[in-house]
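Colleague: This is the content of query-v7.txt (compact mmCIF, C-alpha atoms):
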```
# COMPACT_ATOMS: atom_id res chain seq x y z
CA MET R 25 -37.38 -11.48 -25.58
CA PRO R 26 -39.89 -14.19 -26.59
CA ILE R 27 -42.35 -13.17 -23.84
CA ILE R 28 -44.73 -10.54 -25.19
CA VAL R 29 -46.72 -8.29 -22.86
CA ASN R 30 -50.16 -7.56 -24.33
CA LEU R 31 -51.14 -5.10 -21.66
CA ASP R 32 -52.01 -2.30 -24.10
CA VAL R 33 -54.42 -4.66 -25.92
CA MET R 34 -56.20 -5.47 -22.67
CA LEU R 35 -56.26 -1.79 -21.70
CA ALA R 36 -57.87 -0.93 -25.05
CA ARG R 37 -60.48 -3.69 -24.60
CA ARG R 38 -61.37 -2.44 -21.12
CA LYS R 39 -61.22 1.17 -22.37
CA MET R 40 -58.88 2.07 -19.55
CA GLN R 41 -55.95 4.46 -19.52
CA SER R 42 -52.48 3.55 -18.30
CA LYS R 43 -52.58 6.21 -15.62
CA GLU R 44 -55.82 4.82 -14.20
CA LEU R 45 -54.45 1.27 -14.16
CA ALA R 46 -51.23 2.39 -12.49
CA GLU R 47 -53.21 4.13 -9.76
CA LYS R 48 -55.48 1.15 -9.22
CA ILE R 49 -52.71 -1.45 -8.95
CA GLY R 50 -50.44 0.86 -6.97
CA ILE R 51 -47.37 1.10 -9.17
CA THR R 52 -45.81 4.14 -10.80
CA LEU R 53 -46.58 5.11 -14.38
CA ALA R 54 -42.89 4.71 -15.17
CA ASN R 55 -42.92 1.09 -14.00
CA LEU R 56 -46.11 0.40 -15.95
CA SER R 57 -44.44 1.87 -19.01
CA ILE R 58 -41.45 -0.49 -18.49
CA LEU R 59 -43.90 -3.38 -18.43
CA LYS R 60 -45.84 -2.20 -21.50
CA THR R 61 -42.76 -1.60 -23.63
CA GLY R 62 -41.34 -5.04 -22.83
CA LYS R 63 -38.25 -3.70 -21.06
CA ALA R 64 -39.16 -5.45 -17.81
CA LYS R 65 -36.91 -8.31 -16.72
CA ALA R 66 -39.47 -9.80 -14.33
CA ILE R 67 -42.98 -9.31 -13.02
CA ARG R 68 -44.01 -9.91 -9.43
CA PHE R 69 -46.94 -12.27 -8.79
CA SER R 70 -48.52 -9.53 -6.67
CA THR R 71 -48.39 -7.09 -9.61
CA LEU R 72 -49.78 -9.73 -11.99
CA GLU R 73 -52.54 -10.53 -9.54
CA ALA R 74 -53.47 -6.84 -9.20
CA ILE R 75 -53.50 -6.34 -13.00
CA CYS R 76 -55.70 -9.45 -13.50
CA LYS R 77 -58.04 -8.25 -10.77
CA VAL R 78 -58.39 -4.72 -12.13
CA LEU R 79 -58.68 -5.74 -15.79
CA ASP R 80 -60.78 -8.83 -14.95
CA CYS R 81 -58.69 -11.17 -17.07
CA GLN R 82 -56.30 -14.13 -16.88
CA PRO R 83 -52.46 -13.92 -16.90
CA SER R 84 -52.51 -15.57 -20.33
CA ASP R 85 -54.45 -12.58 -21.67
CA ILE R 86 -51.54 -10.32 -20.74
CA LEU R 87 -48.52 -12.55 -21.31
CA GLU R 88 -47.82 -14.44 -24.50
CA TYR R 89 -44.95 -16.65 -25.60
CA ARG R 90 -43.67 -16.26 -29.15
CA ALA R 91 -40.66 -18.29 -30.20
CA GLU R 92 -37.71 -16.32 -31.52
CA ASP R 93 -36.63 -16.91 -35.14
CA MET S 21 -39.19 11.24 18.12
CA THR S 22 -39.78 10.12 14.56
CA LYS S 23 -41.51 6.86 13.88
CA ASN S 24 -39.50 4.27 12.02
CA THR S 25 -41.55 3.31 9.00
CA GLY S 26 -39.09 0.71 7.81
CA THR S 27 -38.32 2.47 4.55
CA TYR S 28 -35.03 4.17 3.84
CA THR S 29 -35.17 7.22 1.66
CA LEU S 30 -31.92 9.13 1.73
CA ASN S 31 -32.10 12.04 -0.61
CA ARG S 32 -28.86 13.60 0.53
CA GLN S 33 -25.47 12.20 1.47
CA PRO S 34 -24.74 11.69 5.17
CA THR S 35 -22.53 14.14 7.04
CA LEU S 36 -19.70 11.60 7.24
CA PHE S 37 -19.48 11.60 3.44
CA ILE S 38 -19.22 15.37 3.34
CA LEU S 39 -16.40 15.23 5.91
CA VAL S 40 -14.59 12.51 3.93
CA LYS S 41 -14.98 14.61 0.78
CA ILE S 42 -13.42 17.63 2.50
CA VAL S 43 -10.50 15.51 3.79
CA LEU S 44 -9.97 14.00 0.32
CA LEU S 45 -10.09 17.42 -1.28
CA ILE S 46 -7.41 18.67 1.15
CA ASN S 47 -5.33 15.55 0.38
CA MET S 48 -5.72 16.09 -3.35
CA ILE S 49 -4.62 19.71 -3.05
CA SER S 50 -1.62 18.75 -0.91
CA ALA S 51 -0.69 15.93 -3.35
CA GLY S 52 -0.89 18.39 -6.25
CA PHE S 53 1.12 20.96 -4.33
CA PHE S 54 3.89 18.48 -3.44
CA THR S 55 3.94 17.08 -6.99
CA VAL S 56 4.40 20.54 -8.49
CA LEU S 57 6.90 21.52 -5.79
CA LEU S 58 9.02 18.38 -6.19
CA ALA S 59 8.89 18.34 -10.00
CA GLY S 60 9.71 22.04 -10.11
CA SER S 61 12.61 21.80 -7.67
CA ILE S 62 14.07 18.70 -9.37
CA LEU S 63 13.85 20.28 -12.82
CA PHE S 64 15.18 23.61 -11.55
CA SER S 65 18.11 21.88 -9.83
CA ALA S 66 18.82 19.78 -12.93
CA PHE S 67 18.62 22.83 -15.17
CA SER S 68 20.94 24.90 -12.95
CA HIS S 69 23.48 22.06 -12.94
CA SER S 70 23.21 21.63 -16.73
CA PHE S 71 21.58 18.18 -16.35
CA GLN S 72 24.77 16.71 -14.85
CA LYS S 73 24.88 13.80 -12.40
CA SER S 74 23.81 14.82 -8.92
CA GLU S 75 23.92 13.38 -5.42
CA VAL S 76 21.22 10.96 -4.31
CA VAL S 77 20.94 9.69 -0.74
CA LEU S 78 19.89 6.04 -0.48
CA ASP S 79 18.86 3.84 2.44
CA VAL S 80 21.40 1.04 2.58
CA ARG S 81 22.43 -1.80 4.86
CA LYS S 82 25.71 -3.62 5.08
CA VAL S 83 25.93 -7.17 3.77
CA GLU S 84 26.30 -9.71 6.63
CA ALA S 85 29.81 -10.76 5.61
CA TYR S 86 31.12 -7.20 6.09
CA LYS S 87 29.37 -6.53 9.41
CA THR S 88 32.39 -7.25 11.64
CA SER S 89 34.91 -5.27 9.66
CA GLU S 90 35.70 -1.62 10.19
CA PRO S 91 33.52 0.88 8.35
CA LEU S 92 34.77 1.47 4.87
CA PRO S 93 36.14 4.90 4.06
CA ASP S 94 34.39 7.06 1.52
CA SER S 95 35.36 6.21 -2.00
CA LEU S 96 35.46 8.35 -5.12
CA VAL S 97 32.06 7.19 -6.25
CA TYR S 98 30.18 7.16 -2.93
CA LYS S 99 30.29 8.65 0.53
CA PHE S 100 28.33 8.33 3.74
CA ARG S 101 25.92 10.70 5.28
CA PRO S 102 25.87 10.88 9.09
CA SER S 103 22.50 9.38 9.98
CA LYS S 104 21.00 6.57 12.05
CA ASN S 105 20.82 4.19 9.11
CA GLY S 106 24.12 5.14 7.56
CA ASP S 107 22.77 6.51 4.33
CA LEU S 108 24.84 6.27 1.23
CA ALA S 109 25.26 9.29 -1.01
CA VAL S 110 25.96 8.40 -4.63
CA MET S 111 26.12 10.33 -7.86
CA MET S 112 23.26 9.42 -10.16
CA PRO S 113 21.73 10.94 -13.31
CA TRP S 114 19.45 13.92 -12.63
CA TYR S 115 16.26 12.09 -13.69
CA SER S 116 16.70 9.45 -10.96
CA HIS S 117 15.43 12.11 -8.52
CA LEU S 118 12.04 11.81 -10.23
CA PHE S 119 11.68 8.20 -9.05
CA LEU S 120 13.53 8.15 -5.74
CA PRO S 121 12.51 9.46 -2.32
CA LEU S 122 14.31 12.56 -1.17
CA GLY S 123 17.16 11.57 1.10
CA PHE S 124 16.82 14.27 3.71
CA ILE S 125 13.38 13.10 4.81
CA ASN S 126 13.70 9.50 5.85
CA ILE S 127 10.68 8.82 8.02
CA HIS S 128 9.99 5.12 8.39
CA GLY S 129 7.00 4.01 6.34
CA PHE S 130 6.64 7.38 4.66
CA GLU S 131 7.99 8.06 1.24
CA PHE S 132 8.56 11.61 0.17
CA SER S 133 9.03 11.18 -3.56
CA LEU S 134 7.46 12.57 -6.70
CA SER S 135 6.18 9.13 -7.77
CA TYR S 136 4.54 8.61 -4.38
CA TRP S 137 2.68 11.92 -4.50
CA ILE S 138 1.44 11.31 -8.03
CA PHE S 139 0.19 7.88 -6.91
CA TYR S 140 -1.40 9.36 -3.79
CA GLY S 141 -3.06 12.13 -5.80
CA ILE S 142 -4.57 9.63 -8.28
CA LEU S 143 -5.92 7.49 -5.41
CA CYS S 144 -7.48 10.49 -3.66
CA PHE S 145 -9.00 11.73 -6.93
CA LEU S 146 -10.61 8.35 -7.71
CA PHE S 147 -11.88 7.98 -4.17
CA TYR S 148 -13.28 11.52 -4.24
CA ARG S 149 -15.13 10.86 -7.53
CA ILE S 150 -16.65 7.67 -6.08
CA ILE S 151 -17.76 9.40 -2.90
CA SER S 152 -19.25 12.34 -4.84
CA SER S 153 -21.18 10.22 -7.33
CA VAL S 154 -22.57 7.56 -4.99
CA SER S 155 -26.28 7.85 -4.29
CA PHE S 156 -28.11 5.70 -1.81
CA GLU S 157 -31.16 5.22 -3.98
CA SER S 158 -29.15 3.38 -6.65
CA PRO S 159 -25.66 2.89 -5.25
CA PHE S 160 -24.36 0.60 -7.98
CA SER S 161 -23.21 2.29 -11.16
CA ASN S 162 -20.93 1.32 -14.04
CA LYS S 163 -18.81 4.44 -13.67
CA ASN S 164 -18.00 3.53 -10.07
CA ILE S 165 -17.00 0.00 -11.06
CA ARG S 166 -14.40 1.44 -13.42
CA ARG S 167 -13.12 3.79 -10.70
CA ILE S 168 -12.88 1.01 -8.10
CA PHE S 169 -11.03 -1.20 -10.58
CA TRP S 170 -8.63 1.67 -11.28
CA ILE S 171 -7.98 2.10 -7.55
CA GLY S 172 -7.01 -1.58 -7.44
CA TYR S 173 -4.82 -1.31 -10.55
CA THR S 174 -3.12 1.85 -9.21
CA LEU S 175 -2.30 0.15 -5.89
CA ILE S 176 -0.83 -2.89 -7.65
CA LEU S 177 1.04 -0.83 -10.25
CA TYR S 178 2.64 1.29 -7.54
CA ASP S 179 4.08 -1.77 -5.81
CA VAL S 180 5.26 -3.12 -9.18
CA PHE S 181 6.98 0.24 -9.72
CA VAL S 182 8.58 0.07 -6.23
CA LEU S 183 9.80 -3.47 -6.95
CA ILE S 184 11.32 -2.53 -10.31
CA ARG S 185 12.97 0.50 -8.70
CA TYR S 186 14.31 -1.70 -5.91
CA VAL S 187 15.85 -4.17 -8.36
CA ILE S 188 17.48 -1.44 -10.47
CA ILE S 189 18.86 0.53 -7.48
CA SER S 190 20.00 -2.70 -5.78
CA ILE S 191 22.06 -3.65 -8.80
CA PHE S 192 23.44 -0.10 -8.95
CA VAL S 193 24.35 0.00 -5.23
CA GLU S 194 25.96 -3.44 -5.24
CA LYS S 195 27.97 -2.57 -8.32
CA THR S 196 29.06 0.82 -6.97
CA THR S 197 30.06 -0.39 -3.49
CA GLY S 198 31.58 -3.67 -4.64
CA ASP S 199 28.89 -5.84 -3.01
CA VAL S 200 29.48 -4.33 0.43
CA PHE S 201 26.09 -2.62 0.69
CA ARG S 202 22.56 -3.52 -0.25
CA TYR S 203 19.78 -1.11 -1.06
CA ASP S 204 17.11 -1.10 1.65
CA GLY S 205 14.30 0.83 -0.01
CA LEU S 206 11.82 -1.93 -0.81
CA GLY S 207 9.31 -0.73 1.73
CA PRO S 208 6.50 -2.71 3.32
CA MET S 209 4.91 -3.86 -0.01
CA VAL S 210 1.36 -3.79 1.30
CA TYR S 211 -0.31 -1.79 -1.47
CA TYR S 212 -0.58 -4.70 -3.90
CA LYS S 213 -2.37 -6.81 -1.28
CA VAL S 214 -4.90 -4.04 -0.73
CA GLY S 215 -5.11 -3.66 -4.52
CA ILE S 216 -6.02 -7.33 -4.98
CA LEU S 217 -8.67 -6.99 -2.26
CA VAL S 218 -10.07 -3.86 -3.95
CA ILE S 219 -10.25 -5.68 -7.32
CA ILE S 220 -12.11 -8.60 -5.69
CA LEU S 221 -14.53 -6.13 -4.10
CA ALA S 222 -14.96 -4.40 -7.47
CA MET S 223 -15.90 -7.75 -9.02
CA ILE S 224 -18.52 -8.26 -6.30
CA TYR S 225 -19.71 -4.68 -6.87
CA ARG S 226 -20.02 -5.41 -10.61
CA ARG S 227 -22.34 -8.30 -9.78
CA GLY S 228 -24.27 -5.86 -7.60
CA VAL S 229 -24.80 -3.59 -10.62
CA VAL S 230 -26.37 -6.47 -12.58
CA ILE S 231 -28.62 -7.42 -9.64
CA GLN S 232 -29.67 -3.81 -9.13
CA ARG S 233 -30.52 -3.40 -12.83
CA GLU S 234 -32.64 -6.55 -12.75
CA GLN S 235 -34.32 -5.42 -9.57
CA GLU S 236 -35.08 -2.00 -11.07
CA LEU S 237 -36.66 -3.67 -14.12
CA THR S 238 -38.85 -5.92 -11.98
CA VAL S 239 -42.38 -4.51 -11.95
```
Could you show the structure in this file as C-alpha cells?

Modeller:
Amino acid sequence: MPIIVNLDVMLARRKMQSKELAEKIGITLANLSILKTGKAKAIRFSTLEAICKVLDCQPSDILEYRAED
Amino acid sequence: MTKNTGTYTLNRQPTLFILVKIVLLINMISAGFFTVLLAGSILFSAFSHSFQKSEVVLDVRKVEAYKTSEPLPDSLVYKFRPSKNGDLAVMMPWYSHLFLPLGFINIHGFEFSLSYWIFYGILCFLFYRIISSVSFESPFSNKNIRRIFWIGYTLILYDVFVLIRYVIISIFVEKTTGDVFRYDGLGPMVYYKVGILVIILAMIYRRGVVIQREQELTV
C-alpha cells in the first residue's frame, strides 16, 4: 500500500512505548500493532485525532504517501 | 434487572443453537442409519438373488386417452399392486433400487430412498458444521461461505438427479406399458428453488466477509 504509517518514528521521537500510547488513546495493543505494521485498511478520524493529541503532532507526521513502483 | 449498556458481547451460543444442534445430530444419525440399512438390504437382496432383475414398485398414472377404457390386465412384463394410486410393479435391474424410492412406503411428499437419505444426511452435516462454527463476535468466515454454497449446490443437484431419474423411468414405463401409463414420481421440485435462494444468500454472506475483514482492520 502506498500509504506509510510512521507511527514508530513518532513514538521513538517522543520516547513513548506502544503500550503507553495504546492506553492513552484507548485502543488495544493488537489494534495499534495493526496500525504500526501497515496492515490496517482504514483509520478513524477519532483515532487519528487521539494519536495527534497524545503525540503532539500533525497527521502528516504519522501518515506519508509514497508512490508504488 | 440488568442494565442494557448497548453493547452485545455473546461469548457462548444461545440455547436455541444448542437445541438445533441436538436436532441436527439426531437427524444425521437417523440419515446414516437409514442409508446403511437401505444400502445393506438392497445389496443383501441383490446378492441373495444373484444380481438378477427384481421387482420395483412405481407410482404411475394412466394416460388421458386410456382413462375411459377398462383396466388393463397384468402383462408378462408388469403387474399392478392393489393401492390407492394403482402402483405398477415392474422388473428392473437390481441397482435401480439404489436410486428409486421403496414402493411399500408411498407417503405423499416423502421419499424413502437411499439417494434421498444420502442427500438429507449431507444437508444436515453441512448445516450442523455451520451452526457449530458460527460465533457472534465474528460471524462471517470463509469456511462457512463454502458450506453455504455447498448446501445450495446439494439442493440443486438433488432436483437435477430427480429430474434425470424421472426422464429415464418415464421412458422405461412408457416403453414397457405401451404408452398406457406415465411415471408419476417427479415430486414437488422445490429443492432447486431453495438452492438458488441459498446461493444468493451465500453471495451476500461473502460480501459480508469482506466488509467484516475491512471493519476489523479499521483502527

Colleague: Scan for residues within 12 Å of the point (-49.8, -9.5, -21.4) in the coordinates of the file, using only C-alpha atoms, and reply as number ranges by chain.

Modeller: R: 27-35, 56, 59-62, 64, 67, 72, 75-76, 79, 81-90

Colleague: CA of Arg81 (chain S) and CA of Asp107 (chain S), how far apart in Å?

Modeller: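 So the answer is 8.3 Å.
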
Colleague: CA of Gln33 (chain S) and CA of Asn164 (chain S) are how many Å apart?

Modeller: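 Distance between the two atoms: 16.3 Å.
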
Colleague: Which residue out of S:Leu39, S:Leu58, S:Leu177, S:Ile168 has the minimum interatomic distance to Leu221 (chain S) when only C-alpha atoms are used?

Modeller: S:Ile168

Colleague: Within 9 Å of chain R, which residues belong to chain S? Use all atoms listed in the file and report them as an NGL selection string.

Modeller: :S and (233-239)

Colleague: Quick check, in Å to one decimal: how far apart do CA of Leu45 (chain S) and CA of Ser155 (chain S) lie?

Modeller: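 CA of Ser155 (chain S) lies 19.0 Å from CA of Leu45 (chain S).
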
Colleague: List the neighbours of Leu217 (chain S) out to 12 Å using all atoms listed in the file; skip same-chain residues closer than 5 positions along the sequence, and give me the result as a PDB file with C-alpha atoms, in the frame of the given file.

Modeller:
```pdb
ATOM      1  CA  ILE S 168     -12.880   1.010  -8.100  1.00  0.00           C
ATOM      2  CA  PHE S 169     -11.030  -1.200 -10.580  1.00  0.00           C
ATOM      3  CA  ILE S 171      -7.980   2.100  -7.550  1.00  0.00           C
ATOM      4  CA  GLY S 172      -7.010  -1.580  -7.440  1.00  0.00           C
ATOM      5  CA  TYR S 173      -4.820  -1.310 -10.550  1.00  0.00           C
ATOM      6  CA  LEU S 175      -2.300   0.150  -5.890  1.00  0.00           C
ATOM      7  CA  ILE S 176      -0.830  -2.890  -7.650  1.00  0.00           C
ATOM      8  CA  VAL S 210       1.360  -3.790   1.300  1.00  0.00           C
ATOM      9  CA  TYR S 211      -0.310  -1.790  -1.470  1.00  0.00           C
ATOM     10  CA  TYR S 212      -0.580  -4.700  -3.900  1.00  0.00           C
ATOM     11  CA  ALA S 222     -14.960  -4.400  -7.470  1.00  0.00           C
ATOM     12  CA  MET S 223     -15.900  -7.750  -9.020  1.00  0.00           C
ATOM     13  CA  ILE S 224     -18.520  -8.260  -6.300  1.00  0.00           C
TER      14      ILE S 224
END
```

Colleague: Considering all atoms listed in the file, can you say which of S:Asn162, S:Lys73, S:Cys144, S:Pro121 comes closest to Ile49 (chain S)?

Modeller: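 The shortest atom-to-atom distance to Ile49 (chain S) comes from S:Cys144.
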
Colleague: Tell me which protein, DNA and RNA residues are within 10 Å of Ser50 (chain S), counting all atoms listed in the file, leaving out same-chain ones fewer than 6 positions away, and put them as an mmCIF file with C-alpha atoms, in the coordinates of the input.

Modeller:
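Everything below was put into selection39.cif:
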```cif
data_model
loop_
_atom_site.group_PDB
_atom_site.id
_atom_site.type_symbol
_atom_site.label_atom_id
_atom_site.label_comp_id
_atom_site.auth_asym_id
_atom_site.auth_seq_id
_atom_site.Cartn_x
_atom_site.Cartn_y
_atom_site.Cartn_z
ATOM 1 C CA LEU S 44 -9.970 14.000 0.320
ATOM 2 C CA VAL S 56 4.400 20.540 -8.490
ATOM 3 C CA TRP S 137 2.680 11.920 -4.500
ATOM 4 C CA TYR S 140 -1.400 9.360 -3.790
ATOM 5 C CA GLY S 141 -3.060 12.130 -5.800
#
```

Colleague: Could you check the closest approach to Pro208 (chain S) for each of S:Val77, S:Val229, S:Val182, S:Ile220 and tell me which residue wins, using all atoms listed in the file?

Modeller: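 Result for the nearest residue to Pro208 (chain S): S:Val182.
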
Colleague: Since fewer atoms than expected are present, regenerate N, CA, C and O atoms for region 47-71 of chain R and write them as a PDB file, keeping the file's coordinate frame.

Modeller:
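What follows is the written file rebuild.pdb:
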```pdb
ATOM      1  N   GLU R  47     -52.685   3.697 -11.060  1.00  0.00           N
ATOM      2  CA  GLU R  47     -53.210   4.130  -9.760  1.00  0.00           C
ATOM      3  C   GLU R  47     -53.931   2.996  -9.045  1.00  0.00           C
ATOM      4  O   GLU R  47     -53.776   2.805  -7.844  1.00  0.00           O
ATOM      5  N   LYS R  48     -54.704   2.221  -9.836  1.00  0.00           N
ATOM      6  CA  LYS R  48     -55.480   1.150  -9.220  1.00  0.00           C
ATOM      7  C   LYS R  48     -54.619   0.002  -8.690  1.00  0.00           C
ATOM      8  O   LYS R  48     -54.931  -0.604  -7.675  1.00  0.00           O
ATOM      9  N   ILE R  49     -53.555  -0.336  -9.417  1.00  0.00           N
ATOM     10  CA  ILE R  49     -52.710  -1.450  -8.950  1.00  0.00           C
ATOM     11  C   ILE R  49     -51.571  -0.982  -8.049  1.00  0.00           C
ATOM     12  O   ILE R  49     -50.847  -1.793  -7.471  1.00  0.00           O
ATOM     13  N   GLY R  50     -51.411   0.316  -7.926  1.00  0.00           N
ATOM     14  CA  GLY R  50     -50.440   0.860  -6.970  1.00  0.00           C
ATOM     15  C   GLY R  50     -48.996   0.792  -7.405  1.00  0.00           C
ATOM     16  O   GLY R  50     -48.106   0.553  -6.592  1.00  0.00           O
ATOM     17  N   ILE R  51     -48.760   0.966  -8.705  1.00  0.00           N
ATOM     18  CA  ILE R  51     -47.370   1.100  -9.170  1.00  0.00           C
ATOM     19  C   ILE R  51     -47.230   2.435  -9.901  1.00  0.00           C
ATOM     20  O   ILE R  51     -48.227   3.052 -10.268  1.00  0.00           O
ATOM     21  N   THR R  52     -46.003   2.834 -10.130  1.00  0.00           N
ATOM     22  CA  THR R  52     -45.810   4.140 -10.800  1.00  0.00           C
ATOM     23  C   THR R  52     -46.054   3.984 -12.305  1.00  0.00           C
ATOM     24  O   THR R  52     -45.936   2.877 -12.854  1.00  0.00           O
ATOM     25  N   LEU R  53     -46.343   5.101 -12.925  1.00  0.00           N
ATOM     26  CA  LEU R  53     -46.580   5.110 -14.380  1.00  0.00           C
ATOM     27  C   LEU R  53     -45.316   4.695 -15.131  1.00  0.00           C
ATOM     28  O   LEU R  53     -45.382   4.026 -16.168  1.00  0.00           O
ATOM     29  N   ALA R  54     -44.177   5.062 -14.554  1.00  0.00           N
ATOM     30  CA  ALA R  54     -42.890   4.710 -15.170  1.00  0.00           C
ATOM     31  C   ALA R  54     -42.700   3.205 -15.192  1.00  0.00           C
ATOM     32  O   ALA R  54     -42.271   2.627 -16.203  1.00  0.00           O
ATOM     33  N   ASN R  55     -43.055   2.550 -14.071  1.00  0.00           N
ATOM     34  CA  ASN R  55     -42.920   1.090 -14.000  1.00  0.00           C
ATOM     35  C   ASN R  55     -43.907   0.400 -14.937  1.00  0.00           C
ATOM     36  O   ASN R  55     -43.580  -0.616 -15.546  1.00  0.00           O
ATOM     37  N   LEU R  56     -45.109   0.966 -15.047  1.00  0.00           N
ATOM     38  CA  LEU R  56     -46.110   0.400 -15.950  1.00  0.00           C
ATOM     39  C   LEU R  56     -45.633   0.531 -17.402  1.00  0.00           C
ATOM     40  O   LEU R  56     -45.832  -0.378 -18.214  1.00  0.00           O
ATOM     41  N   SER R  57     -44.982   1.637 -17.670  1.00  0.00           N
ATOM     42  CA  SER R  57     -44.440   1.870 -19.010  1.00  0.00           C
ATOM     43  C   SER R  57     -43.339   0.843 -19.331  1.00  0.00           C
ATOM     44  O   SER R  57     -43.263   0.338 -20.453  1.00  0.00           O
ATOM     45  N   ILE R  58     -42.499   0.537 -18.311  1.00  0.00           N
ATOM     46  CA  ILE R  58     -41.450  -0.490 -18.490  1.00  0.00           C
ATOM     47  C   ILE R  58     -42.091  -1.827 -18.859  1.00  0.00           C
ATOM     48  O   ILE R  58     -41.634  -2.542 -19.742  1.00  0.00           O
ATOM     49  N   LEU R  59     -43.191  -2.116 -18.186  1.00  0.00           N
ATOM     50  CA  LEU R  59     -43.900  -3.380 -18.430  1.00  0.00           C
ATOM     51  C   LEU R  59     -44.519  -3.400 -19.829  1.00  0.00           C
ATOM     52  O   LEU R  59     -44.413  -4.399 -20.553  1.00  0.00           O
ATOM     53  N   LYS R  60     -45.143  -2.281 -20.203  1.00  0.00           N
ATOM     54  CA  LYS R  60     -45.840  -2.200 -21.500  1.00  0.00           C
ATOM     55  C   LYS R  60     -44.864  -2.269 -22.680  1.00  0.00           C
ATOM     56  O   LYS R  60     -45.161  -2.862 -23.708  1.00  0.00           O
ATOM     57  N   THR R  61     -43.720  -1.640 -22.513  1.00  0.00           N
ATOM     58  CA  THR R  61     -42.760  -1.600 -23.630  1.00  0.00           C
ATOM     59  C   THR R  61     -41.897  -2.867 -23.724  1.00  0.00           C
ATOM     60  O   THR R  61     -41.086  -2.991 -24.634  1.00  0.00           O
ATOM     61  N   GLY R  62     -42.083  -3.775 -22.781  1.00  0.00           N
ATOM     62  CA  GLY R  62     -41.340  -5.040 -22.830  1.00  0.00           C
ATOM     63  C   GLY R  62     -39.916  -4.935 -22.323  1.00  0.00           C
ATOM     64  O   GLY R  62     -39.097  -5.812 -22.579  1.00  0.00           O
ATOM     65  N   LYS R  63     -39.611  -3.852 -21.603  1.00  0.00           N
ATOM     66  CA  LYS R  63     -38.250  -3.700 -21.060  1.00  0.00           C
ATOM     67  C   LYS R  63     -38.084  -4.439 -19.730  1.00  0.00           C
ATOM     68  O   LYS R  63     -36.961  -4.646 -19.269  1.00  0.00           O
ATOM     69  N   ALA R  64     -39.212  -4.818 -19.137  1.00  0.00           N
ATOM     70  CA  ALA R  64     -39.160  -5.450 -17.810  1.00  0.00           C
ATOM     71  C   ALA R  64     -38.443  -6.792 -17.852  1.00  0.00           C
ATOM     72  O   ALA R  64     -38.566  -7.548 -18.815  1.00  0.00           O
ATOM     73  N   LYS R  65     -37.634  -7.041 -16.827  1.00  0.00           N
ATOM     74  CA  LYS R  65     -36.910  -8.310 -16.720  1.00  0.00           C
ATOM     75  C   LYS R  65     -37.750  -9.350 -15.993  1.00  0.00           C
ATOM     76  O   LYS R  65     -37.551 -10.551 -16.170  1.00  0.00           O
ATOM     77  N   ALA R  66     -38.646  -8.885 -15.114  1.00  0.00           N
ATOM     78  CA  ALA R  66     -39.470  -9.800 -14.330  1.00  0.00           C
ATOM     79  C   ALA R  66     -40.743  -9.086 -13.880  1.00  0.00           C
ATOM     80  O   ALA R  66     -40.790  -7.859 -13.851  1.00  0.00           O
ATOM     81  N   ILE R  67     -41.741  -9.890 -13.549  1.00  0.00           N
ATOM     82  CA  ILE R  67     -42.980  -9.310 -13.020  1.00  0.00           C
ATOM     83  C   ILE R  67     -43.352 -10.056 -11.734  1.00  0.00           C
ATOM     84  O   ILE R  67     -43.298 -11.286 -11.685  1.00  0.00           O
ATOM     85  N   ARG R  68     -43.662  -9.294 -10.714  1.00  0.00           N
ATOM     86  CA  ARG R  68     -44.010  -9.910  -9.430  1.00  0.00           C
ATOM     87  C   ARG R  68     -45.404 -10.526  -9.528  1.00  0.00           C
ATOM     88  O   ARG R  68     -46.281  -9.989 -10.223  1.00  0.00           O
ATOM     89  N   PHE R  69     -45.617 -11.644  -8.816  1.00  0.00           N
ATOM     90  CA  PHE R  69     -46.940 -12.270  -8.790  1.00  0.00           C
ATOM     91  C   PHE R  69     -47.988 -11.296  -8.239  1.00  0.00           C
ATOM     92  O   PHE R  69     -49.125 -11.280  -8.704  1.00  0.00           O
ATOM     93  N   SER R  70     -47.576 -10.491  -7.268  1.00  0.00           N
ATOM     94  CA  SER R  70     -48.520  -9.530  -6.670  1.00  0.00           C
ATOM     95  C   SER R  70     -48.979  -8.495  -7.695  1.00  0.00           C
ATOM     96  O   SER R  70     -50.158  -8.144  -7.747  1.00  0.00           O
ATOM     97  N   THR R  71     -48.046  -8.064  -8.558  1.00  0.00           N
ATOM     98  CA  THR R  71     -48.390  -7.090  -9.610  1.00  0.00           C
ATOM     99  C   THR R  71     -49.325  -7.745 -10.639  1.00  0.00           C
ATOM    100  O   THR R  71     -50.332  -7.156 -11.051  1.00  0.00           O
TER     101      THR R  71
END
```
